[in-house]
file work_16.tsv (TSV, C-alpha atoms)
chain	number	residue	atom	x	y	z
A	1108	MET	CA	23.86	163.72	18.01
A	1109	ALA	CA	26.46	164.80	20.59
A	1110	GLY	CA	27.01	168.48	21.21
A	1111	ALA	CA	30.10	170.42	20.24
A	1112	THR	CA	33.43	169.02	21.39
A	1113	LEU	CA	34.87	170.63	24.53
A	1114	ALA	CA	37.70	168.20	25.30
A	1115	GLY	CA	39.25	166.48	22.33
A	1116	PRO	CA	41.01	163.13	22.07
A	1117	PRO	CA	44.29	162.67	23.95
A	1118	GLY	CA	47.14	164.70	22.47
A	1119	ALA	CA	50.91	164.44	22.74
A	1120	CYS	CA	50.91	165.64	26.36
A	1121	CYS	CA	48.65	162.72	27.32
A	1122	PHE	CA	51.31	160.20	26.37
A	1123	GLN	CA	54.20	161.69	28.34
A	1124	THR	CA	54.95	160.85	31.93
A	1125	VAL	CA	57.31	161.26	34.84
A	1126	GLN	CA	57.18	158.11	36.94
A	1127	HIS	CA	56.69	158.78	40.63
A	1128	VAL	CA	58.50	157.03	43.46
A	1129	GLY	CA	56.75	155.19	46.24
A	1130	ASP	CA	55.60	151.82	47.50
A	1131	PRO	CA	51.95	151.14	46.64
A	1132	ARG	CA	50.17	149.23	49.38
A	1133	GLY	CA	46.99	148.18	47.61
A	1134	THR	CA	46.15	144.87	46.01
A	1135	VAL	CA	45.01	143.80	42.56
A	1136	GLU	CA	41.85	141.70	42.64
A	1137	LYS	CA	39.18	140.65	40.17
A	1138	ILE	CA	35.80	142.38	40.15
A	1139	ALA	CA	33.40	141.19	37.46
A	1140	GLY	CA	36.38	139.43	35.89
A	1141	VAL	CA	38.40	142.64	35.53
A	1142	ASP	CA	41.65	143.39	37.37
A	1143	THR	CA	41.00	146.15	39.87
A	1144	TYR	CA	43.47	148.00	42.06
A	1145	ILE	CA	42.01	148.18	45.56
A	1146	ALA	CA	43.32	150.66	48.11
A	1147	ARG	CA	41.69	150.07	51.49
A	1148	PRO	CA	41.48	152.58	54.36
A	1149	SER	CA	43.75	151.62	57.24
A	1150	GLY	CA	40.82	151.54	59.64
A	1151	GLY	CA	38.89	149.16	57.42
A	1152	GLY	CA	35.37	149.74	56.24
A	1153	GLY	CA	33.90	150.40	52.84
A	1154	ASP	CA	31.07	152.86	53.40
A	1155	LYS	CA	32.73	155.51	51.20
A	1156	VAL	CA	33.85	154.14	47.83
A	1157	VAL	CA	35.77	155.99	45.11
A	1158	LEU	CA	35.61	154.62	41.57
A	1159	PHE	CA	38.86	155.56	39.85
A	1160	HIS	CA	38.92	155.96	36.05
A	1161	ALA	CA	42.51	156.14	34.89
A	1162	ASP	CA	44.29	157.98	32.10
A	1163	VAL	CA	45.97	156.03	29.29
A	1164	PHE	CA	48.65	154.70	31.66
A	1165	GLY	CA	46.01	152.76	33.56
A	1166	PRO	CA	45.27	152.20	37.25
A	1167	LEU	CA	48.13	149.74	37.65
A	1168	TYR	CA	50.71	152.42	36.87
A	1169	VAL	CA	52.57	153.41	40.05
A	1170	ASN	CA	51.48	157.06	39.79
A	1171	SER	CA	47.83	156.03	39.80
A	1172	LYS	CA	48.33	153.58	42.64
A	1173	LEU	CA	49.94	156.21	44.85
A	1174	ILE	CA	47.05	158.63	44.35
A	1175	MET	CA	44.56	155.91	45.22
A	1176	ASP	CA	46.59	155.01	48.32
A	1177	PHE	CA	46.50	158.67	49.39
A	1178	TRP	CA	42.71	158.74	49.26
A	1179	ALA	CA	42.57	155.44	51.14
A	1180	ASP	CA	44.74	157.03	53.82
A	1181	ASN	CA	41.97	159.61	54.10
A	1182	GLY	CA	39.26	157.07	54.80
A	1183	PHE	CA	38.01	156.04	51.36
A	1184	LEU	CA	37.93	152.60	49.77
A	1185	VAL	CA	39.30	153.20	46.27
A	1186	LEU	CA	38.69	150.89	43.31
A	1187	GLY	CA	40.66	151.37	40.09
A	1188	VAL	CA	39.23	149.34	37.22
A	1189	ASP	CA	41.76	148.25	34.59
A	1190	TYR	CA	39.63	148.77	31.51
A	1191	PHE	CA	42.81	148.44	29.43
A	1192	GLU	CA	43.05	144.79	30.53
A	1193	GLY	CA	46.80	144.92	31.03
A	1194	ASP	CA	47.37	146.76	27.74
A	1195	SER	CA	48.01	150.31	28.97
A	1196	TYR	CA	49.76	152.82	26.77
A	1197	GLY	CA	52.87	152.53	28.95
A	1198	LEU	CA	53.60	149.16	27.35
A	1199	HIS	CA	53.78	150.79	23.91
A	1200	MET	CA	55.74	153.98	24.63
A	1201	ASP	CA	58.87	152.75	22.90
A	1202	GLU	CA	57.15	151.12	19.93
A	1203	LYS	CA	58.07	152.96	16.77
A	1204	GLY	CA	55.05	153.70	14.61
A	1205	PHE	CA	52.57	152.59	17.24
A	1206	ASP	CA	49.02	153.42	16.10
A	1207	VAL	CA	47.67	155.34	19.09
A	1208	GLY	CA	44.37	156.10	17.40
A	1209	ALA	CA	43.61	152.44	16.75
A	1210	TRP	CA	44.65	151.54	20.30
A	1211	ILE	CA	42.28	154.15	21.77
A	1212	LYS	CA	39.39	153.09	19.55
A	1213	LYS	CA	39.86	149.44	20.52
A	1214	HIS	CA	39.85	150.24	24.22
A	1215	GLN	CA	36.93	152.64	24.06
A	1216	GLU	CA	34.89	149.84	22.54
A	1217	LYS	CA	36.07	147.38	25.19
A	1218	THR	CA	35.55	149.84	28.03
A	1219	ALA	CA	31.94	150.34	27.00
A	1220	VAL	CA	31.42	146.60	27.46
A	1221	LEU	CA	33.47	146.16	30.65
A	1222	LEU	CA	32.17	149.01	32.78
A	1223	PRO	CA	28.44	148.22	33.19
A	1224	PRO	CA	28.95	144.76	34.76
A	1225	TRP	CA	31.87	146.12	36.81
A	1226	TYR	CA	29.69	148.91	38.20
A	1227	LYS	CA	26.92	146.40	38.93
A	1228	ALA	CA	29.30	144.10	40.83
A	1229	VAL	CA	30.77	146.97	42.83
A	1230	ARG	CA	27.31	148.20	43.83
A	1231	GLU	CA	26.30	144.71	44.90
A	1232	GLN	CA	29.47	144.25	46.95
A	1233	HIS	CA	29.03	147.61	48.69
A	1234	ALA	CA	25.28	147.96	48.75
A	1235	SER	CA	25.15	150.38	51.69
A	1236	ALA	CA	28.05	152.60	50.58
A	1237	LYS	CA	28.14	156.11	49.23
A	1238	PHE	CA	29.86	156.17	45.85
A	1239	PHE	CA	32.17	158.82	44.45
A	1240	THR	CA	33.95	158.86	41.11
A	1241	VAL	CA	37.06	160.43	39.67
A	1242	GLY	CA	38.65	160.36	36.22
A	1243	TYR	CA	41.79	161.58	34.52
A	1244	CYS	CA	42.08	162.38	30.80
A	1245	TYR	CA	40.61	159.28	29.09
A	1246	GLY	CA	38.65	158.50	32.26
A	1247	ALA	CA	36.83	161.84	32.58
A	1248	GLN	CA	34.09	160.88	30.13
A	1249	TYR	CA	32.95	158.06	32.40
A	1250	VAL	CA	32.76	160.39	35.39
A	1251	MET	CA	30.47	162.74	33.50
A	1252	ASP	CA	28.27	159.82	32.49
A	1253	LEU	CA	27.96	158.74	36.11
A	1254	VAL	CA	27.09	162.14	37.59
A	1255	LYS	CA	24.03	162.15	35.34
A	1256	GLY	CA	22.76	159.00	37.07
A	1257	ASP	CA	21.14	158.32	40.40
A	1258	TRP	CA	23.67	156.42	42.51
A	1259	ILE	CA	26.81	158.58	42.56
A	1260	THR	CA	27.18	161.08	45.40
A	1261	ALA	CA	29.80	163.35	43.77
A	1262	GLY	CA	32.39	163.29	41.01
A	1263	ALA	CA	35.65	164.90	39.97
A	1264	PHE	CA	37.96	164.94	36.99
A	1265	ALA	CA	41.32	166.41	36.02
A	1266	HIS	CA	42.56	167.46	32.58
A	1267	PRO	CA	39.84	165.65	30.62
A	1268	ALA	CA	39.59	164.20	27.12
A	1269	PHE	CA	36.59	163.09	25.04
A	1270	LEU	CA	33.98	165.50	26.41
A	1271	THR	CA	31.21	167.27	24.53
A	1272	GLU	CA	28.73	169.93	25.58
A	1273	ASP	CA	26.21	167.17	26.21
A	1274	HIS	CA	28.40	165.80	29.02
A	1275	PHE	CA	27.73	169.02	30.93
A	1276	LYS	CA	23.96	168.90	30.55
A	1277	ASP	CA	21.55	167.16	32.92
A	1278	VAL	CA	24.23	166.91	35.60
A	1279	LYS	CA	22.53	165.67	38.77
A	1280	HIS	CA	25.43	165.46	41.22
A	1281	PRO	CA	28.30	167.71	42.38
A	1282	ILE	CA	31.30	167.81	40.06
A	1283	LEU	CA	34.83	169.17	40.60
A	1284	LEU	CA	37.00	170.18	37.63
A	1285	SER	CA	40.75	170.22	38.28
A	1286	CYS	CA	42.30	172.04	35.34
A	1287	ALA	CA	45.64	173.10	33.91
A	1288	GLU	CA	46.39	176.58	32.63
A	1289	VAL	CA	47.98	175.02	29.55
A	1290	ASP	CA	45.76	172.35	28.05
A	1291	GLN	CA	45.37	171.88	24.31
A	1292	THR	CA	42.90	169.05	24.90
A	1293	PHE	CA	40.64	171.13	27.17
A	1294	PRO	CA	41.49	174.74	26.27
A	1295	VAL	CA	40.36	177.88	28.07
A	1296	ALA	CA	37.36	178.51	25.81
A	1297	SER	CA	36.10	174.97	26.39
A	1298	ARG	CA	36.58	175.23	30.14
A	1299	ARG	CA	34.58	178.44	30.24
A	1300	LYS	CA	31.84	176.94	28.09
A	1301	ALA	CA	31.67	173.97	30.46
A	1302	GLU	CA	31.27	176.38	33.36
A	1303	ASP	CA	28.54	178.28	31.52
A	1304	LEU	CA	26.62	175.05	31.03
A	1305	LEU	CA	26.95	174.13	34.69
A	1306	VAL	CA	25.82	177.60	35.74
A	1307	GLU	CA	22.80	177.48	33.43
A	1308	GLN	CA	21.45	174.36	35.11
A	1309	LYS	CA	22.45	175.49	38.62
A	1310	ALA	CA	24.66	172.45	39.06
A	1311	ARG	CA	26.83	172.11	42.15
A	1312	TYR	CA	30.39	172.46	40.93
A	1313	PHE	CA	33.87	173.62	41.78
A	1314	ILE	CA	36.53	174.58	39.24
A	1315	GLN	CA	40.20	174.98	40.07
A	1316	VAL	CA	42.83	176.10	37.56
A	1317	PHE	CA	46.53	175.62	38.25
A	1318	GLY	CA	48.88	178.11	36.64
A	1319	GLY	CA	52.25	177.05	35.33
A	1320	VAL	CA	51.27	173.44	34.62
A	1321	GLN	CA	49.91	171.56	31.63
A	1322	HIS	CA	47.56	168.69	30.85
A	1323	GLY	CA	48.61	165.63	32.82
A	1324	PHE	CA	49.86	167.45	35.91
A	1325	ALA	CA	47.55	165.67	38.36
A	1326	THR	CA	48.83	162.18	37.60
A	1327	ARG	CA	52.09	162.64	35.76
A	1328	GLY	CA	53.50	165.95	36.97
A	1329	ASP	CA	57.23	166.16	37.73
A	1330	PRO	CA	57.73	166.12	41.53
A	1331	ASN	CA	61.12	167.78	41.02
A	1332	VAL	CA	59.45	170.89	39.62
A	1333	PRO	CA	57.92	172.82	42.55
A	1334	ALA	CA	54.90	174.17	40.65
A	1335	GLU	CA	54.05	170.74	39.27
A	1336	LYS	CA	54.59	168.98	42.59
A	1337	TRP	CA	52.32	171.39	44.44
A	1338	ALA	CA	49.62	171.30	41.79
A	1339	LYS	CA	49.62	167.50	41.68
A	1340	GLU	CA	49.34	167.23	45.45
A	1341	GLU	CA	46.81	170.03	45.83
A	1342	SER	CA	44.60	168.49	43.16
A	1343	ALA	CA	44.54	165.19	45.05
A	1344	ARG	CA	43.86	166.99	48.34
A	1345	SER	CA	41.07	169.02	46.80
A	1346	ILE	CA	39.37	165.97	45.36
A	1347	VAL	CA	39.42	164.05	48.62
A	1348	SER	CA	38.17	167.16	50.44
A	1349	TRP	CA	35.37	167.50	47.88
A	1350	PHE	CA	34.33	163.91	48.42
A	1351	ALA	CA	34.56	164.23	52.20
A	1352	HIS	CA	32.32	167.29	52.06
A	1353	PHE	CA	29.53	165.21	50.53
A	1354	SER	CA	30.14	162.01	52.49
A	1355	GLY	CA	28.33	163.02	55.67

call {"tool": "encode", "arguments": {"input": "work_16.tsv", "output": "structure tokens"}}
result
Amino acid sequence: MAGATLAGPPGACCFQTVQHVGDPRGTVEKIAGVDTYIARPSGGGGDKVVLFHADVFGPLYVNSKLIMDFWADNGFLVLGVDYFEGDSYGLHMDEKGFDVGAWIKKHQEKTAVLLPPWYKAVREQHASAKFFTVGYCYGAQYVMDLVKGDWITAGAFAHPAFLTEDHFKDVKHPILLSCAEVDQTFPVASRRKAEDLLVEQKARYFIQVFGGVQHGFATRGDPNVPAEKWAKEESARSIVSWFAHFSG
């Protein structure tokens, strides 16, 4: 039985967005039969690979693509798996009476089937690489699963959903938590409990908390609001710095 819930299912804030402006430069290719956004470092190479686990808007949303491009500009090959199979929440935003709960349940079941062969294919394609992993909201649970394994170098997540106490036990690899001051899905008490669990097992971790922003800031923050713009950008910088620290 899973431990007590620390981050609940996506709430209202998880389904709101401000679309960012930019020109993504990556490509969408199939890996293990699943569309994957690939952002390649300008100098080429694939010895440092980031596995990107998106929020409900998916990796093909422009906001996600621009973050992945930023990390690629910093020397990482970034792979964003579309576990929503082209059916991201963004397609349903204007549907009156849309059953979000049923949509999430359907995709959680599908994601559980899609990810293992996708991971296997990625590892085969980049057999000599160091792997890192990042997740936002819906995607955080998969990051915590991976940092319990043997082949990930370090992980990070921002404003998570679907986490229990058990996700923070038996953590083998460094984990960064990028958190919002205001987060009904991952409230202060849960964040502190997560830290307690990491401390108890002497895990390598880093926790940052951004004041004046709420759940979703790292991918869907409003760039016209200075506090949100800075937090969004600093979160991305911190994550790439965290990965770079462990890539040597």

call {"tool": "residues_near_point", "arguments": {"input": "work_16.tsv", "point": "(39.0, 140.5, 39.5)", "cutoff": "12 Å", "atoms": "all atoms listed in the file", "output": "list in words"}}
result
Thr1134, Val1135, Glu1136, Lys1137, Ile1138, Ala1139, Gly1140, Val1141, Asp1142, Thr1143, Tyr1144, Ile1145, Leu1186, Gly1187, Val1188, Asp1189, Tyr1190, Glu1192, Leu1221, Pro1224, Trp1225, Ala1228 and Val1229 of chain A

call {"tool": "closest_residue", "arguments": {"input": "work_16.tsv", "among": "A:Asn1181, A:Asn1331, A:Thr1271, A:Gln1308", "to": "Ser1149 in chain A", "atoms": "only C-alpha atoms"}}
result
A:Asn1181

call {"tool": "atom_distance", "arguments": {"input": "work_16.tsv", "atom1": "CA of Ala1338 in chain A", "atom2": "CA of Val1320 in chain A"}}
result
7.7 Å

call {"tool": "residues_around", "arguments": {"input": "work_16.tsv", "residues": "Ile1346 in chain A", "least_positions_apart": "5", "cutoff": "10 Å", "atoms": "only C-alpha atoms", "output": "list in words"}}
result
Trp1178, Thr1240, Val1241, Gly1262, Ala1263, Phe1264, Ala1265, Ile1282, Leu1283, Leu1284, Ser1285, Glu1341, Ala1351 and His1352 of chain A

call {"tool": "atom_distance", "arguments": {"input": "work_16.tsv", "atom1": "CA of Ile1174 in chain A", "atom2": "CA of Ala1343 in chain A"}}
result
7.1 Å

call {"tool": "decode", "arguments": {"input": "work_16.tsv", "residues": "range 1118-1132 of chain A", "atoms": "all heavy atoms", "output": "PDB file, in the first residue's frame"}}
result
ATOM      1  N   GLY A1118      -5.002  20.021  -9.800  1.00  0.00           N
ATOM      2  CA  GLY A1118      -6.141  20.863  -9.452  1.00  0.00           C
ATOM      3  C   GLY A1118      -6.385  21.904 -10.521  1.00  0.00           C
ATOM      4  O   GLY A1118      -5.795  21.856 -11.611  1.00  0.00           O
ATOM      5  N   ALA A1119      -7.226  22.884 -10.215  1.00  0.00           N
ATOM      6  CA  ALA A1119      -7.601  23.900 -11.192  1.00  0.00           C
ATOM      7  C   ALA A1119      -6.392  24.627 -11.769  1.00  0.00           C
ATOM      8  O   ALA A1119      -6.340  24.935 -12.968  1.00  0.00           O
ATOM      9  CB  ALA A1119      -8.563  24.896 -10.550  1.00  0.00           C
ATOM     10  N   CYS A1120      -5.386  24.902 -10.918  1.00  0.00           N
ATOM     11  CA  CYS A1120      -4.211  25.640 -11.381  1.00  0.00           C
ATOM     12  C   CYS A1120      -3.418  24.859 -12.424  1.00  0.00           C
ATOM     13  O   CYS A1120      -2.674  25.449 -13.223  1.00  0.00           O
ATOM     14  CB  CYS A1120      -3.316  26.006 -10.208  1.00  0.00           C
ATOM     15  SG  CYS A1120      -2.830  24.593  -9.183  1.00  0.00           S
ATOM     16  N   CYS A1121      -3.568  23.541 -12.433  1.00  0.00           N
ATOM     17  CA  CYS A1121      -2.821  22.701 -13.366  1.00  0.00           C
ATOM     18  C   CYS A1121      -3.360  22.786 -14.789  1.00  0.00           C
ATOM     19  O   CYS A1121      -2.698  22.366 -15.740  1.00  0.00           O
ATOM     20  CB  CYS A1121      -2.857  21.241 -12.918  1.00  0.00           C
ATOM     21  SG  CYS A1121      -2.284  20.968 -11.238  1.00  0.00           S
ATOM     22  N   PHE A1122      -4.563  23.315 -14.923  1.00  0.00           N
ATOM     23  CA  PHE A1122      -5.221  23.339 -16.225  1.00  0.00           C
ATOM     24  C   PHE A1122      -5.342  24.755 -16.785  1.00  0.00           C
ATOM     25  O   PHE A1122      -6.108  25.001 -17.710  1.00  0.00           O
ATOM     26  CB  PHE A1122      -6.600  22.687 -16.106  1.00  0.00           C
ATOM     27  CG  PHE A1122      -6.534  21.269 -15.612  1.00  0.00           C
ATOM     28  CD1 PHE A1122      -6.863  20.943 -14.307  1.00  0.00           C
ATOM     29  CD2 PHE A1122      -6.100  20.250 -16.450  1.00  0.00           C
ATOM     30  CE1 PHE A1122      -6.781  19.638 -13.842  1.00  0.00           C
ATOM     31  CE2 PHE A1122      -6.012  18.947 -16.005  1.00  0.00           C
ATOM     32  CZ  PHE A1122      -6.355  18.632 -14.695  1.00  0.00           C
ATOM     33  N   GLN A1123      -4.563  25.670 -16.221  1.00  0.00           N
ATOM     34  CA  GLN A1123      -4.514  27.047 -16.697  1.00  0.00           C
ATOM     35  C   GLN A1123      -3.143  27.309 -17.293  1.00  0.00           C
ATOM     36  O   GLN A1123      -2.145  26.760 -16.827  1.00  0.00           O
ATOM     37  CB  GLN A1123      -4.785  28.021 -15.553  1.00  0.00           C
ATOM     38  CG  GLN A1123      -6.123  27.825 -14.870  1.00  0.00           C
ATOM     39  CD  GLN A1123      -6.248  28.625 -13.586  1.00  0.00           C
ATOM     40  OE1 GLN A1123      -5.348  29.383 -13.226  1.00  0.00           O
ATOM     41  NE2 GLN A1123      -7.356  28.452 -12.892  1.00  0.00           N
ATOM     42  N   THR A1124      -3.092  28.149 -18.304  1.00  0.00           N
ATOM     43  CA  THR A1124      -1.798  28.409 -18.922  1.00  0.00           C
ATOM     44  C   THR A1124      -1.735  29.801 -19.537  1.00  0.00           C
ATOM     45  O   THR A1124      -2.761  30.387 -19.892  1.00  0.00           O
ATOM     46  CB  THR A1124      -1.482  27.361 -20.006  1.00  0.00           C
ATOM     47  OG1 THR A1124      -0.133  27.530 -20.456  1.00  0.00           O
ATOM     48  CG2 THR A1124      -2.436  27.466 -21.196  1.00  0.00           C
ATOM     49  N   VAL A1125      -0.521  30.292 -19.636  1.00  0.00           N
ATOM     50  CA  VAL A1125      -0.201  31.461 -20.445  1.00  0.00           C
ATOM     51  C   VAL A1125       0.772  30.961 -21.502  1.00  0.00           C
ATOM     52  O   VAL A1125       1.856  30.471 -21.174  1.00  0.00           O
ATOM     53  CB  VAL A1125       0.456  32.579 -19.608  1.00  0.00           C
ATOM     54  CG1 VAL A1125       0.893  33.725 -20.518  1.00  0.00           C
ATOM     55  CG2 VAL A1125      -0.507  33.079 -18.537  1.00  0.00           C
ATOM     56  N   GLN A1126       0.370  31.046 -22.762  1.00  0.00           N
ATOM     57  CA  GLN A1126       1.229  30.504 -23.818  1.00  0.00           C
ATOM     58  C   GLN A1126       2.407  31.427 -24.063  1.00  0.00           C
ATOM     59  O   GLN A1126       2.260  32.635 -24.199  1.00  0.00           O
ATOM     60  CB  GLN A1126       0.422  30.315 -25.107  1.00  0.00           C
ATOM     61  CG  GLN A1126       1.227  29.641 -26.219  1.00  0.00           C
ATOM     62  CD  GLN A1126       0.349  29.142 -27.338  1.00  0.00           C
ATOM     63  OE1 GLN A1126      -0.616  28.407 -27.114  1.00  0.00           O
ATOM     64  NE2 GLN A1126       0.673  29.537 -28.563  1.00  0.00           N
ATOM     65  N   HIS A1127       3.591  30.835 -24.113  1.00  0.00           N
ATOM     66  CA  HIS A1127       4.808  31.614 -24.311  1.00  0.00           C
ATOM     67  C   HIS A1127       5.090  31.814 -25.796  1.00  0.00           C
ATOM     68  O   HIS A1127       4.556  31.094 -26.647  1.00  0.00           O
ATOM     69  CB  HIS A1127       5.978  30.923 -23.616  1.00  0.00           C
ATOM     70  CG  HIS A1127       5.760  30.764 -22.141  1.00  0.00           C
ATOM     71  ND1 HIS A1127       6.446  29.847 -21.362  1.00  0.00           N
ATOM     72  CD2 HIS A1127       4.915  31.419 -21.290  1.00  0.00           C
ATOM     73  CE1 HIS A1127       6.045  29.948 -20.107  1.00  0.00           C
ATOM     74  NE2 HIS A1127       5.108  30.879 -20.036  1.00  0.00           N
ATOM     75  N   VAL A1128       5.945  32.779 -26.070  1.00  0.00           N
ATOM     76  CA  VAL A1128       6.246  33.149 -27.456  1.00  0.00           C
ATOM     77  C   VAL A1128       7.684  32.760 -27.775  1.00  0.00           C
ATOM     78  O   VAL A1128       8.614  33.040 -27.001  1.00  0.00           O
ATOM     79  CB  VAL A1128       6.055  34.667 -27.671  1.00  0.00           C
ATOM     80  CG1 VAL A1128       6.459  35.058 -29.085  1.00  0.00           C
ATOM     81  CG2 VAL A1128       4.613  35.064 -27.397  1.00  0.00           C
ATOM     82  N   GLY A1129       7.856  32.112 -28.906  1.00  0.00           N
ATOM     83  CA  GLY A1129       9.189  31.719 -29.328  1.00  0.00           C
ATOM     84  C   GLY A1129       9.095  30.764 -30.495  1.00  0.00           C
ATOM     85  O   GLY A1129       7.998  30.339 -30.891  1.00  0.00           O
ATOM     86  N   ASP A1130      10.233  30.446 -31.065  1.00  0.00           N
ATOM     87  CA  ASP A1130      10.295  29.559 -32.225  1.00  0.00           C
ATOM     88  C   ASP A1130      11.069  28.289 -31.853  1.00  0.00           C
ATOM     89  O   ASP A1130      12.307  28.273 -31.892  1.00  0.00           O
ATOM     90  CB  ASP A1130      10.984  30.252 -33.402  1.00  0.00           C
ATOM     91  CG  ASP A1130      10.197  31.460 -33.877  1.00  0.00           C
ATOM     92  OD1 ASP A1130       8.974  31.314 -34.089  1.00  0.00           O
ATOM     93  OD2 ASP A1130      10.795  32.542 -34.030  1.00  0.00           O
ATOM     94  N   PRO A1131      10.348  27.236 -31.481  1.00  0.00           N
ATOM     95  CA  PRO A1131      11.026  25.980 -31.139  1.00  0.00           C
ATOM     96  C   PRO A1131      11.876  25.489 -32.303  1.00  0.00           C
ATOM     97  O   PRO A1131      11.482  25.601 -33.470  1.00  0.00           O
ATOM     98  CB  PRO A1131       9.869  25.021 -30.847  1.00  0.00           C
ATOM     99  CG  PRO A1131       8.725  25.917 -30.474  1.00  0.00           C
ATOM    100  CD  PRO A1131       8.890  27.127 -31.326  1.00  0.00           C
ATOM    101  N   ARG A1132      13.030  24.931 -31.989  1.00  0.00           N
ATOM    102  CA  ARG A1132      13.942  24.487 -33.040  1.00  0.00           C
ATOM    103  C   ARG A1132      14.129  22.977 -33.086  1.00  0.00           C
ATOM    104  O   ARG A1132      14.855  22.463 -33.933  1.00  0.00           O
ATOM    105  CB  ARG A1132      15.290  25.164 -32.863  1.00  0.00           C
ATOM    106  CG  ARG A1132      16.020  24.823 -31.559  1.00  0.00           C
ATOM    107  CD  ARG A1132      17.427  25.408 -31.544  1.00  0.00           C
ATOM    108  NE  ARG A1132      18.185  25.079 -30.352  1.00  0.00           N
ATOM    109  CZ  ARG A1132      18.793  23.916 -30.153  1.00  0.00           C
ATOM    110  NH1 ARG A1132      18.693  22.952 -31.063  1.00  0.00           N
ATOM    111  NH2 ARG A1132      19.482  23.686 -29.045  1.00  0.00           N
TER     112      ARG A1132
END
